[in-house]
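The file target.txt contains compact mmCIF, C-alpha atoms:
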```txt
# COMPACT_ATOMS: atom_id res chain seq x y z
CA MET A 1 -26.47 18.31 -28.90
CA SER A 2 -23.88 16.46 -26.83
CA SER A 3 -22.75 12.97 -27.69
CA LYS A 4 -22.22 10.22 -25.16
CA LYS A 5 -19.17 8.02 -25.02
CA VAL A 6 -18.55 5.16 -22.62
CA TYR A 7 -14.98 4.68 -21.45
CA THR A 8 -14.49 1.11 -20.30
CA SER A 9 -11.55 -0.24 -18.33
CA LYS A 10 -12.01 -3.96 -18.73
CA VAL A 11 -8.78 -5.70 -19.58
CA HIS A 12 -8.33 -9.45 -19.28
CA VAL A 13 -5.29 -10.34 -17.24
CA GLY A 14 -4.30 -13.91 -16.60
CA GLY A 15 -1.91 -15.20 -14.00
CA SER A 16 0.83 -17.70 -14.39
CA GLY A 17 1.68 -20.41 -11.95
CA ASP A 18 5.12 -20.80 -13.48
CA LYS A 19 7.42 -18.48 -11.55
CA SER A 20 10.19 -19.06 -14.09
CA SER A 21 8.04 -17.19 -16.61
CA THR A 22 8.63 -13.93 -14.75
CA SER A 23 12.06 -13.31 -16.29
CA ALA A 24 10.77 -14.31 -19.72
CA GLU A 25 7.91 -11.81 -19.41
CA ALA A 26 10.30 -9.08 -18.32
CA SER A 27 12.48 -9.60 -21.38
CA GLN A 28 9.41 -9.28 -23.65
CA SER A 29 8.14 -6.07 -22.05
CA THR A 30 7.95 -3.04 -24.30
CA PHE A 31 8.92 -0.70 -21.46
CA PRO A 32 11.17 -0.95 -18.37
CA HIS A 33 9.30 -1.62 -15.14
CA ARG A 34 9.80 -2.37 -11.47
CA ASN A 35 11.39 -5.55 -10.18
CA ILE A 36 8.58 -8.13 -10.10
CA ASP A 37 10.54 -11.02 -8.62
CA ARG A 38 8.29 -12.65 -5.99
CA LEU A 39 6.09 -9.58 -5.99
CA TYR A 40 2.38 -9.88 -5.18
CA CYS A 41 -0.52 -7.50 -4.86
CA PRO A 42 -3.86 -7.37 -3.03
CA ALA A 43 -6.60 -7.85 -5.61
CA SER A 44 -8.39 -4.87 -4.02
CA THR A 45 -5.51 -2.60 -5.05
CA TYR A 46 -5.33 -3.96 -8.60
CA LEU A 47 -9.09 -3.78 -9.12
CA CYS A 48 -9.08 -0.20 -7.88
CA ALA A 49 -6.18 0.66 -10.18
CA ILE A 50 -8.15 -0.44 -13.25
CA GLY A 51 -11.45 0.92 -11.94
CA ALA A 52 -13.17 -2.47 -11.92
CA ASN A 53 -14.95 -2.06 -8.59
CA ASN A 54 -15.04 1.72 -8.38
CA GLN A 55 -18.29 3.64 -8.55
CA GLN A 56 -19.45 4.52 -12.05
CA TYR A 57 -19.90 8.22 -12.68
CA HIS A 58 -20.92 10.55 -15.51
CA HIS A 59 -19.37 13.88 -16.35
CA GLN A 60 -19.04 16.35 -19.20
CA GLU A 61 -15.79 16.90 -21.06
CA GLU A 62 -15.73 19.40 -23.92
CA GLY A 63 -19.38 18.86 -24.77
CA GLN A 64 -19.28 15.08 -24.53
CA GLU A 65 -20.84 13.04 -21.75
CA ILE A 66 -18.38 10.50 -20.39
CA SER A 67 -19.30 7.40 -18.43
CA SER A 68 -16.41 5.70 -16.69
CA ARG A 69 -15.31 3.54 -13.77
CA SER A 70 -12.63 6.00 -12.64
CA PRO A 71 -9.41 3.96 -12.67
CA CYS A 72 -7.43 5.00 -9.58
CA ILE A 73 -4.11 6.75 -10.22
CA PRO A 74 -2.65 6.31 -6.69
CA CYS A 75 -3.34 2.56 -6.87
CA ALA A 76 -1.81 2.36 -10.35
CA TYR A 77 1.42 3.72 -8.88
CA LYS A 78 1.22 1.30 -5.93
CA VAL A 79 0.92 -1.72 -8.21
CA SER A 80 3.38 -0.68 -10.90
CA ASN A 81 5.64 1.80 -9.08
CA PHE A 82 5.90 3.97 -12.19
CA ASP A 83 9.04 6.09 -12.08
CA ILE A 84 10.22 8.88 -14.36
CA ALA A 85 13.58 7.15 -14.78
CA LEU A 86 11.86 3.97 -16.01
CA ASP A 87 8.72 5.22 -17.74
CA HIS A 88 8.86 8.88 -18.70
CA GLU A 89 5.84 8.58 -21.01
CA PHE A 90 3.51 7.36 -18.29
CA THR A 91 4.68 9.70 -15.53
CA LYS A 92 4.30 12.69 -17.87
CA LEU A 93 0.78 11.82 -19.06
CA VAL A 94 -0.43 10.36 -15.74
CA PRO A 95 1.27 12.13 -12.82
CA ASN A 96 0.83 10.53 -9.43
CA GLN A 97 -1.71 11.83 -6.95
CA ARG A 98 -1.93 11.92 -3.18
CA PRO A 99 -3.12 8.61 -1.62
CA GLU A 100 -6.25 10.37 -0.32
CA GLN A 101 -7.41 10.57 -3.96
CA CYS A 102 -8.03 6.81 -3.91
CA PRO A 103 -11.83 6.29 -3.99
CA ARG A 104 -11.48 3.66 -1.25
CA SER A 105 -10.20 6.29 1.16
CA ASN A 106 -13.71 7.73 1.45
CA HIS A 107 -14.96 5.19 3.98
CA ASP A 108 -15.11 5.92 7.69
CA THR A 109 -11.53 6.00 8.95
CA THR A 110 -12.12 7.73 12.27
CA ILE A 111 -10.02 6.31 15.06
CA ALA A 112 -12.92 5.76 17.46
CA SER A 113 -15.14 4.04 14.90
CA HIS A 114 -15.94 0.41 15.72
CA ASP A 115 -17.25 -0.09 12.20
CA ASN A 116 -15.17 -2.76 10.49
CA THR A 117 -17.46 -3.32 7.51
CA CYS A 118 -14.90 -1.65 5.23
CA VAL A 119 -12.26 -4.25 6.16
CA LYS A 120 -12.53 -7.84 5.04
CA ASP A 121 -11.42 -11.01 6.78
CA GLY A 122 -8.13 -12.11 5.22
CA MET A 123 -7.10 -8.65 3.97
CA MET A 124 -3.31 -8.27 3.74
CA GLY A 125 -2.91 -11.69 5.39
CA TYR A 126 -4.78 -10.84 8.62
CA LYS A 127 -7.61 -13.13 9.70
CA ARG A 128 -10.18 -13.08 12.48
CA GLY A 129 -8.93 -14.63 15.68
CA MET A 130 -5.21 -14.02 15.08
CA ASN A 131 -2.77 -12.84 17.74
CA VAL A 132 -0.67 -9.99 16.32
CA LEU A 133 2.35 -8.20 17.75
CA THR A 134 3.17 -4.77 16.33
CA VAL A 135 6.52 -3.18 17.10
CA GLY A 136 7.74 0.34 16.45
CA ASP A 137 4.22 1.66 15.89
CA GLY A 138 4.36 5.45 16.00
CA ASP A 139 0.85 6.74 16.67
CA PHE A 140 -0.75 3.27 17.07
CA SER A 141 -3.01 3.83 14.05
CA PHE A 142 -1.55 0.69 12.43
CA SER A 143 -2.32 -1.35 15.54
CA MET A 144 -5.86 0.01 15.47
CA ALA A 145 -6.21 -1.02 11.82
CA VAL A 146 -5.00 -4.55 12.59
CA ALA A 147 -7.35 -4.82 15.58
CA LYS A 148 -10.30 -4.20 13.25
CA LEU A 149 -9.10 -7.11 11.11
CA VAL A 150 -8.30 -9.74 13.73
CA VAL A 151 -10.45 -9.08 16.81
CA SER A 152 -13.71 -10.97 16.64
CA GLY A 153 -15.92 -11.78 19.60
CA ASP A 154 -13.85 -13.61 22.17
CA SER A 155 -10.87 -14.28 19.90
CA GLY A 156 -8.04 -12.32 18.40
CA MET A 157 -5.81 -9.70 20.02
CA VAL A 158 -3.20 -7.06 19.27
CA VAL A 159 -0.14 -6.36 21.39
CA ALA A 160 0.67 -2.81 20.28
CA THR A 161 4.13 -1.53 21.19
CA SER A 162 6.28 1.53 20.64
CA TYR A 163 9.97 2.23 21.20
CA GLU A 164 9.07 5.57 22.77
CA ASP A 165 7.52 6.32 26.16
CA LEU A 166 3.98 7.59 26.63
CA PRO A 167 4.81 11.31 27.21
CA THR A 168 6.88 11.44 24.01
CA LEU A 169 4.08 9.94 21.90
CA GLN A 170 1.53 12.31 23.44
CA ARG A 171 3.77 15.26 22.61
CA VAL A 172 4.49 14.23 18.99
CA TYR A 173 1.01 12.98 17.97
CA PRO A 174 -1.88 15.28 19.00
CA ALA A 175 -4.52 12.55 18.61
CA PHE A 176 -2.50 9.84 20.34
CA ASP A 177 -4.70 9.63 23.45
CA ASP A 178 -7.78 9.15 21.28
CA THR A 179 -6.12 6.31 19.40
CA LEU A 180 -4.83 4.70 22.57
CA ASN A 181 -8.26 4.77 24.22
CA ALA A 182 -9.94 3.44 21.09
CA LEU A 183 -7.48 0.55 20.93
CA LYS A 184 -8.09 -0.34 24.58
CA ASN A 185 -11.86 -0.06 24.22
CA TYR A 186 -11.96 -2.11 21.03
CA SER A 187 -11.03 -5.23 23.00
CA THR A 188 -10.02 -5.84 26.58
CA ARG A 189 -7.59 -8.46 25.26
CA ASN A 190 -5.48 -5.82 23.50
CA ILE A 191 -2.23 -5.07 25.33
CA ILE A 192 -0.20 -1.84 25.15
CA GLY A 193 3.56 -1.61 25.62
CA PHE A 194 5.89 1.40 25.73
CA LYS A 195 9.70 1.52 25.47
CA VAL A 196 9.70 -1.87 23.75
CA ASP A 197 12.96 -2.59 21.91
CA ALA A 198 12.49 -4.74 18.80
CA THR A 199 15.94 -6.22 19.37
CA GLN A 200 15.28 -6.99 23.06
CA LEU A 201 11.73 -8.31 23.07
CA GLN A 202 12.22 -10.83 25.86
CA LYS A 203 13.39 -8.04 28.18
CA THR A 204 11.13 -5.18 27.12
CA LEU A 205 7.72 -6.64 26.18
CA PRO A 206 4.97 -6.22 28.79
CA ARG A 207 5.36 -8.81 31.56
CA ASN A 208 1.91 -10.30 31.05
CA VAL A 209 2.85 -11.14 27.44
CA ILE A 210 5.98 -12.98 28.57
CA GLN A 211 4.28 -14.75 31.46
CA SER A 212 1.35 -15.89 29.31
CA ASN A 213 3.74 -17.38 26.76
CA ILE A 214 1.65 -15.91 23.93
CA LYS A 215 2.52 -17.02 20.41
CA PHE A 216 1.74 -14.74 17.52
CA GLN A 217 0.49 -15.58 14.04
CA ARG A 218 1.82 -12.23 12.80
CA ILE A 219 4.65 -10.03 14.06
CA CYS A 220 4.82 -6.71 12.20
CA TRP A 221 7.23 -3.83 11.93
CA ASN A 222 6.53 -1.08 9.43
CA PHE A 223 9.38 1.03 8.06
CA PRO A 224 12.03 -0.13 10.56
CA CYS A 225 14.85 2.28 11.30
CA THR A 226 17.38 3.06 13.99
CA ALA A 227 16.48 5.60 16.66
CA ILE A 228 17.92 8.78 15.16
CA GLY A 229 16.90 12.41 14.63
CA LYS A 230 13.36 13.60 13.98
CA GLY A 231 12.20 12.72 10.48
CA GLN A 232 15.65 11.50 9.39
CA ASP A 233 14.92 7.78 9.35
CA GLY A 234 16.47 5.43 6.82
CA GLN A 235 19.28 7.61 5.48
CA ASN A 236 22.36 6.16 3.75
CA ALA A 237 24.65 7.05 6.63
CA ALA A 238 22.76 4.63 8.89
CA MET A 239 22.36 1.81 6.35
CA GLU A 240 24.66 -0.70 8.05
CA GLU A 241 23.11 0.08 11.42
CA ASN A 242 19.68 -0.52 9.96
CA LYS A 243 20.76 -3.82 8.45
CA GLU A 244 21.99 -4.98 11.83
CA LEU A 245 18.76 -3.75 13.37
CA VAL A 246 16.79 -5.99 11.00
CA ARG A 247 18.98 -9.02 11.75
CA ASN A 248 18.56 -8.61 15.52
CA PHE A 249 14.81 -8.08 15.19
CA MET A 250 14.38 -11.30 13.20
CA ILE A 251 16.18 -13.38 15.82
CA ASN A 252 14.19 -11.80 18.63
CA ALA A 253 10.82 -12.13 16.88
CA LEU A 254 11.29 -15.77 15.93
CA GLN A 255 10.96 -17.02 19.51
CA PHE A 256 7.47 -15.46 19.80
CA LEU A 257 6.21 -16.74 16.46
CA ASP A 258 3.59 -19.48 16.07
CA GLU A 259 5.46 -22.35 14.42
CA LYS A 260 2.31 -23.61 12.71
CA CYS A 261 1.34 -20.54 10.71
CA GLY A 262 3.42 -17.62 12.01
CA GLU A 263 4.77 -14.89 9.74
CA ILE A 264 6.99 -11.85 10.22
CA HIS A 265 5.91 -8.83 8.16
CA MET A 266 8.28 -5.93 7.53
CA CYS A 267 7.02 -3.07 5.40
CA HIS A 268 9.48 -0.72 3.72
CA LYS A 269 9.99 1.55 0.76
CA THR A 270 11.70 0.02 -2.27
CA LYS A 271 13.14 3.05 -4.03
CA PRO A 272 16.78 4.12 -3.42
CA PRO A 273 18.33 4.12 -0.93
CA TYR A 274 15.96 1.63 0.70
CA ASN A 275 16.30 -1.00 -2.02
CA GLN A 276 20.00 -1.11 -1.17
CA TRP A 277 19.15 -2.60 2.21
CA LYS A 278 18.25 -5.88 0.45
CA LEU A 279 15.83 -6.53 3.27
CA GLU A 280 14.93 -10.08 2.24
CA THR A 281 18.58 -11.14 2.18
CA VAL A 282 19.61 -9.38 5.38
CA ALA A 283 16.69 -10.81 7.34
CA MET A 284 17.43 -14.40 6.33
CA GLU A 285 21.15 -13.97 7.05
CA ALA A 286 20.30 -13.70 10.72
CA ILE A 287 18.06 -16.78 10.67
CA ASN A 288 20.58 -18.93 8.82
CA LYS A 289 23.46 -17.79 10.98
CA ASN A 290 21.67 -18.87 14.15
CA GLY A 291 20.67 -22.30 12.90
CA ASN A 292 19.09 -23.01 9.56
CA LEU A 293 15.34 -23.60 9.90
CA LEU A 294 14.35 -25.69 6.91
CA ASP A 295 10.68 -24.80 7.31
CA PHE A 296 11.21 -21.03 7.60
CA GLY A 297 12.04 -18.65 4.79
CA TYR A 298 11.35 -15.58 2.70
CA LYS A 299 7.98 -15.93 0.95
CA GLY A 300 7.79 -12.78 -1.15
CA ARG A 301 6.72 -9.13 -1.19
CA LEU A 302 3.20 -7.74 -1.03
CA VAL A 303 2.35 -4.31 -2.46
CA PHE A 304 1.51 -2.06 0.48
CA ASP A 305 -1.84 -0.27 0.36
CA LYS A 306 -2.94 1.78 3.34
CA SER A 307 -6.50 1.93 1.96
CA ASN A 308 -6.78 -1.69 3.05
CA LEU A 309 -5.83 -0.73 6.61
CA PRO A 310 -7.99 2.16 7.83
CA PRO A 311 -7.26 4.32 9.83
CA TYR A 312 -3.51 3.72 9.40
CA SER A 313 -1.33 6.54 8.10
CA PRO A 314 2.47 5.99 7.92
CA ARG A 315 4.46 8.75 9.61
CA LYS A 316 8.11 9.71 9.89
CA ALA A 317 10.04 8.84 13.05
CA LEU A 318 9.01 11.19 15.86
CA ASP A 319 7.15 13.35 13.39
CA ARG A 320 3.43 13.73 12.75
CA LYS A 321 4.08 14.23 9.01
CA SER A 322 3.49 11.43 6.53
CA PHE A 323 5.76 10.59 3.58
CA PRO A 324 5.45 9.15 0.05
CA HIS A 325 5.02 5.40 0.28
CA HIS A 326 3.47 4.27 -3.02
CA ASP A 327 6.62 2.19 -3.63
CA ALA A 328 6.39 0.36 -0.29
CA CYS A 329 6.11 -3.42 0.00
CA VAL A 330 5.49 -5.81 2.87
CA TYR A 331 8.28 -8.39 3.03
CA VAL A 332 6.85 -11.68 4.27
CA PHE A 333 8.86 -14.31 6.14
CA GLY A 334 7.38 -17.38 7.73
CA PHE A 335 6.91 -21.09 8.15
CA SER A 336 5.71 -23.16 5.21
CA SER A 337 2.06 -23.79 5.99
CA ALA A 338 -1.47 -23.32 4.80
CA GLY A 339 -3.04 -19.90 5.29
CA SER A 340 0.02 -17.98 4.16
CA THR A 341 -0.26 -14.33 3.12
CA ILE A 342 1.52 -15.23 -0.13
CA PRO A 343 -0.47 -17.74 -2.24
CA ASN A 344 0.94 -21.27 -2.38
CA ASN A 345 -0.88 -22.14 -5.60
CA GLU A 346 -1.03 -19.31 -8.15
CA GLU A 347 -2.69 -21.53 -10.74
CA ALA A 348 -5.82 -21.73 -8.56
CA ILE A 349 -6.43 -17.97 -8.84
CA ASP A 350 -9.45 -17.14 -10.99
CA PHE A 351 -8.79 -13.69 -12.47
CA GLU A 352 -12.37 -13.49 -13.73
CA LYS A 353 -13.78 -13.77 -10.19
CA LEU A 354 -11.31 -11.99 -7.95
CA ASP A 355 -12.23 -11.45 -4.31
CA VAL A 356 -10.80 -8.22 -2.85
CA THR A 357 -8.83 -10.21 -0.26
CA THR A 358 -7.14 -12.43 -2.87
CA VAL A 359 -3.39 -11.94 -3.28
CA ILE A 360 -2.28 -12.09 -6.91
CA PRO A 361 1.15 -12.23 -8.57
CA VAL A 362 2.37 -9.00 -10.18
CA THR A 363 3.38 -9.90 -13.73
CA THR A 364 4.40 -7.90 -16.77
CA ARG A 365 0.96 -8.47 -18.25
CA LEU A 366 -0.69 -7.13 -15.10
CA ILE A 367 1.46 -3.98 -15.13
CA GLU A 368 0.78 -3.53 -18.84
CA SER A 369 -2.97 -3.76 -18.24
CA VAL A 370 -2.80 -1.00 -15.61
CA ARG A 371 -0.53 1.11 -17.79
CA THR A 372 -2.69 0.73 -20.91
CA ILE A 373 -5.93 1.69 -19.19
CA HIS A 374 -4.50 4.89 -17.73
CA LEU A 375 -2.61 5.88 -20.88
CA GLN A 376 -5.72 5.37 -23.01
CA LEU A 377 -7.83 7.51 -20.70
CA ALA A 378 -5.15 10.23 -20.43
CA THR A 379 -4.68 10.31 -24.21
CA TYR A 380 -8.42 10.45 -24.80
CA ARG A 381 -8.84 13.35 -22.40
CA ARG A 382 -5.92 15.19 -23.96
CA GLU A 383 -7.44 14.76 -27.43
CA LEU A 384 -10.78 16.07 -26.19
CA LYS A 385 -9.02 19.11 -24.75
CA CYS A 386 -7.12 19.76 -27.97
CA ASN A 387 -10.25 19.36 -30.10
CA GLY A 388 -12.10 21.70 -27.81
CA LYS A 389 -9.46 24.39 -28.30
CA LYS A 390 -9.64 23.97 -32.09
CA ARG A 391 -13.40 24.51 -31.99
CA GLN A 392 -13.09 27.75 -30.04
CA PRO A 393 -13.89 30.93 -32.11
CA LYS A 394 -10.92 33.08 -33.09
CA ASN A 395 -12.49 36.47 -32.30
CA LYS A 396 -15.49 38.03 -30.62
CA SER A 397 -17.40 38.62 -33.85
CA GLU A 398 -17.25 34.89 -34.64
CA SER A 399 -18.42 33.99 -31.15
CA ASN A 400 -21.40 36.33 -31.59
CA PRO A 401 -22.32 36.51 -35.33
CA SER A 402 -25.49 38.47 -34.81
CA LYS A 403 -23.52 41.23 -33.10
CA GLY A 404 -21.00 41.34 -35.94
CA GLN A 405 -23.80 41.60 -38.51
CA LYS A 406 -25.34 44.51 -36.64
CA GLN A 407 -22.01 46.37 -36.65
CA ARG A 408 -21.64 45.92 -40.44
CA LYS A 409 -25.17 47.22 -41.03
CA ARG A 410 -24.39 50.41 -39.10
CA LYS A 411 -21.42 51.07 -41.37
```
I need this file expressed as structure tokens, please.
Amino acid sequence: MSSKKVYTSKVHVGGSGDKSSTSAEASQSTFPHRNIDRLYCPASTYLCAIGANNQQYHHQEEGQEISSRSPCIPCAYKVSNFDIALDHEFTKLVPNQRPEQCPRSNHDTTIASHDNTCVKDGMMGYKRGMNVLTVGDGDFSFSMAVAKLVVSGDSGMVVATSYEDLPTLQRVYPAFDDTLNALKNYSTRNIIGFKVDATQLQKTLPRNVIQSNIKFQRICWNFPCTAIGKGQDGQNAAMEENKELVRNFMINALQFLDEKCGEIHMCHKTKPPYNQWKLETVAMEAINKNGNLLDFGYKGRLVFDKSNLPPYSPRKALDRKSFPHHDACVYVFGFSSAGSTIPNNEEAIDFEKLDVTTVIPVTTRLIESVRTIHLQLATYRRELKCNGKKRQPKNKSESNPSKGQKQRKRK
């Protein structure tokens, strides 16, 4: 008779409104972890990582019935950025999985789908009615994802732009025409621009954008890099060029930003060599050099989670292939105002009643909660496997006693 065991993943995690406590927490950690300075996370990603909102399921393991909430391994790596150099124990027991293994990737992510029920108002800092400019979008799947978040009735729009021309994008991305048509059909207010240079926006943006004097609440560039060979973006040899690219983009974007609540979002990987860019410092160098804006600054980093942005899939430059991005963060720059992507008052966050759109600070305690849940489950499963092997019969006669008895009687 099989026994039933319930594996629960409920761990209480509190936040701290005192940012100075971050360094103190880091010094008390029992294991080395990622840099958590001004690092935040969508609650949806954290809740998925610990299995809090995931579908409960039952399965058999070595004769025991297990009931669990399936804590998500890809989301655990997004939140905590576990690395073999920092945490060999975790990466050995809980190896990372492909992002498609996230249970939230099962919803309808088809390009043509007008269903936006899987995206919530306020997710990743995008709200209904916003005007958003995307630059350097490869296959326009990111622009489509943003359109589902901000377009509502007669308000909200996306100006989707690419550095490449239309024939190039059609050649590189087989489904590009489908995405382009879906983006146009989603709202007649959406505007498409080709051969748009992020460092020359005034000259290269579509004329109707310039003439309408549109101001944007969000200006976004994911994984910025200089225009170099296919799939070779972001290499060390081009680091200084990329830094200058970021500086010039910031100056150009600022003039199109809504001064009341505008933010510039740049998403990038944080593992070497990308962490050597020091994106937050380089970006603000350009702003300060061209006149210090007291009300504008670096707000923090937000853990990137593509499951919050269907149907977006990051791809290499001029290449249909994707790339590992569990370490990626969205660097947020903007004016000091209400409605920021990064929370202004961390003390007001109720960790017992988290909404999926809430942005929470990543602390040592939060990382430890994710780590503990996954290590406990991995250890438990390993023990079940070992115990199952011990229970296995040593030879055929033991596995079938009646047969062995018959053989002895014949002798």
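With distances taken over all atoms listed in the file, A:Ser336 is the one residue among A:Arg128, A:Ser336, A:Arg189, A:Asn290 lying closest to Lys260 of chain A.
For the choices A:Val356, A:Val146, A:Ile84, A:Leu293, the atom-to-atom distance to Asn53 of chain A is smallest for A:Val356 when using all atoms listed in the file.
When all atoms listed in the file are used to measure the gap to Thr204 of chain A, the shortest distance among A:Ser70, A:Thr379, A:Asn252, A:Thr341 belongs to A:Asn252.
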Rank A:Ala85, A:Leu279, A:Ile73, A:Val330 by their smallest atom-to-atom distance to Arg34 of chain A, using only C-alpha atoms, and report the top residue only. A:Ala85
Would you kindly identify which residues have an atom no farther than 10 Å from (11.3, -7.3, 6.1), using all atoms listed in the file and the file's own coordinates, and write them out as a ChimeraX atom specification? /A:220-224,246-247,249-250,264-268,277-284,298,300-301,329-333
Box in all listed atoms of segment 125-144 of chain A, axis-aligned, with 8 Å more on each side; write out centre and edge lengths in Å to one decimal as lines of an AutoDock Vina configuration file.
```
center_x = -1.2
center_y = -3.9
center_z = 11.6
size_x = 33.9
size_y = 37.4
size_z = 28.4
```
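Taking only C-alpha atoms into account, Ile373 of chain A lies nearest to A:Ala49 out of the set A:Cys386, A:Lys353, A:Ala145, A:Ala49.
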Smallest atom-to-atom distance to Pro99 of chain A: which of A:Thr357, A:Asn208, A:Thr45, A:Ser143, using only C-alpha atoms? A:Thr45
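In this model, the gap between atom CA of Val196 of chain A and atom CA of Gly153 of chain A comes to 27.8 Å.
Reported to one decimal place, the separation of atom CA of Phe335 of chain A from atom CA of Ile287 of chain A is 12.2 Å.
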Point-to-point distance in Å for atom CA of Phe216 of chain A and atom CA of Thr270 of chain A: 26.6 Å
Surrounding residues of Ile191 of chain A excluding itself and chain neighbours under 6 positions, 7 Å, all atoms listed in the file, as a PyMOL selection string: chain A and resi 158-160
Could the residues in this selection be saved with C-alpha atoms as a PDB file, in the coordinates of the input?
```pdb
ATOM      1  CA  VAL A 158      -3.200  -7.060  19.270  1.00  0.00           C
ATOM      2  CA  VAL A 159      -0.140  -6.360  21.390  1.00  0.00           C
ATOM      3  CA  ALA A 160       0.670  -2.810  20.280  1.00  0.00           C
TER       4      ALA A 160
END
```
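Residues having any atom no farther than 12 Å from (-5.4, 11.6, -21.6) (counting all atoms listed in the file) are Tyr7, Glu61, Glu89, Phe90, Thr91, Lys92, Leu93, Val94, Pro95, Thr372, Ile373, His374, Leu375, Gln376, Leu377, Ala378, Thr379, Tyr380, Arg381, Arg382, Glu383, Leu384, Lys385 and Cys386 of chain A.
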Non-local contacts of Asp165 of chain A (12 Å; only C-alpha atoms; under 6 positions in same chain excluded) as number ranges by chain: A: 136-139, 171-172, 192-197, 318
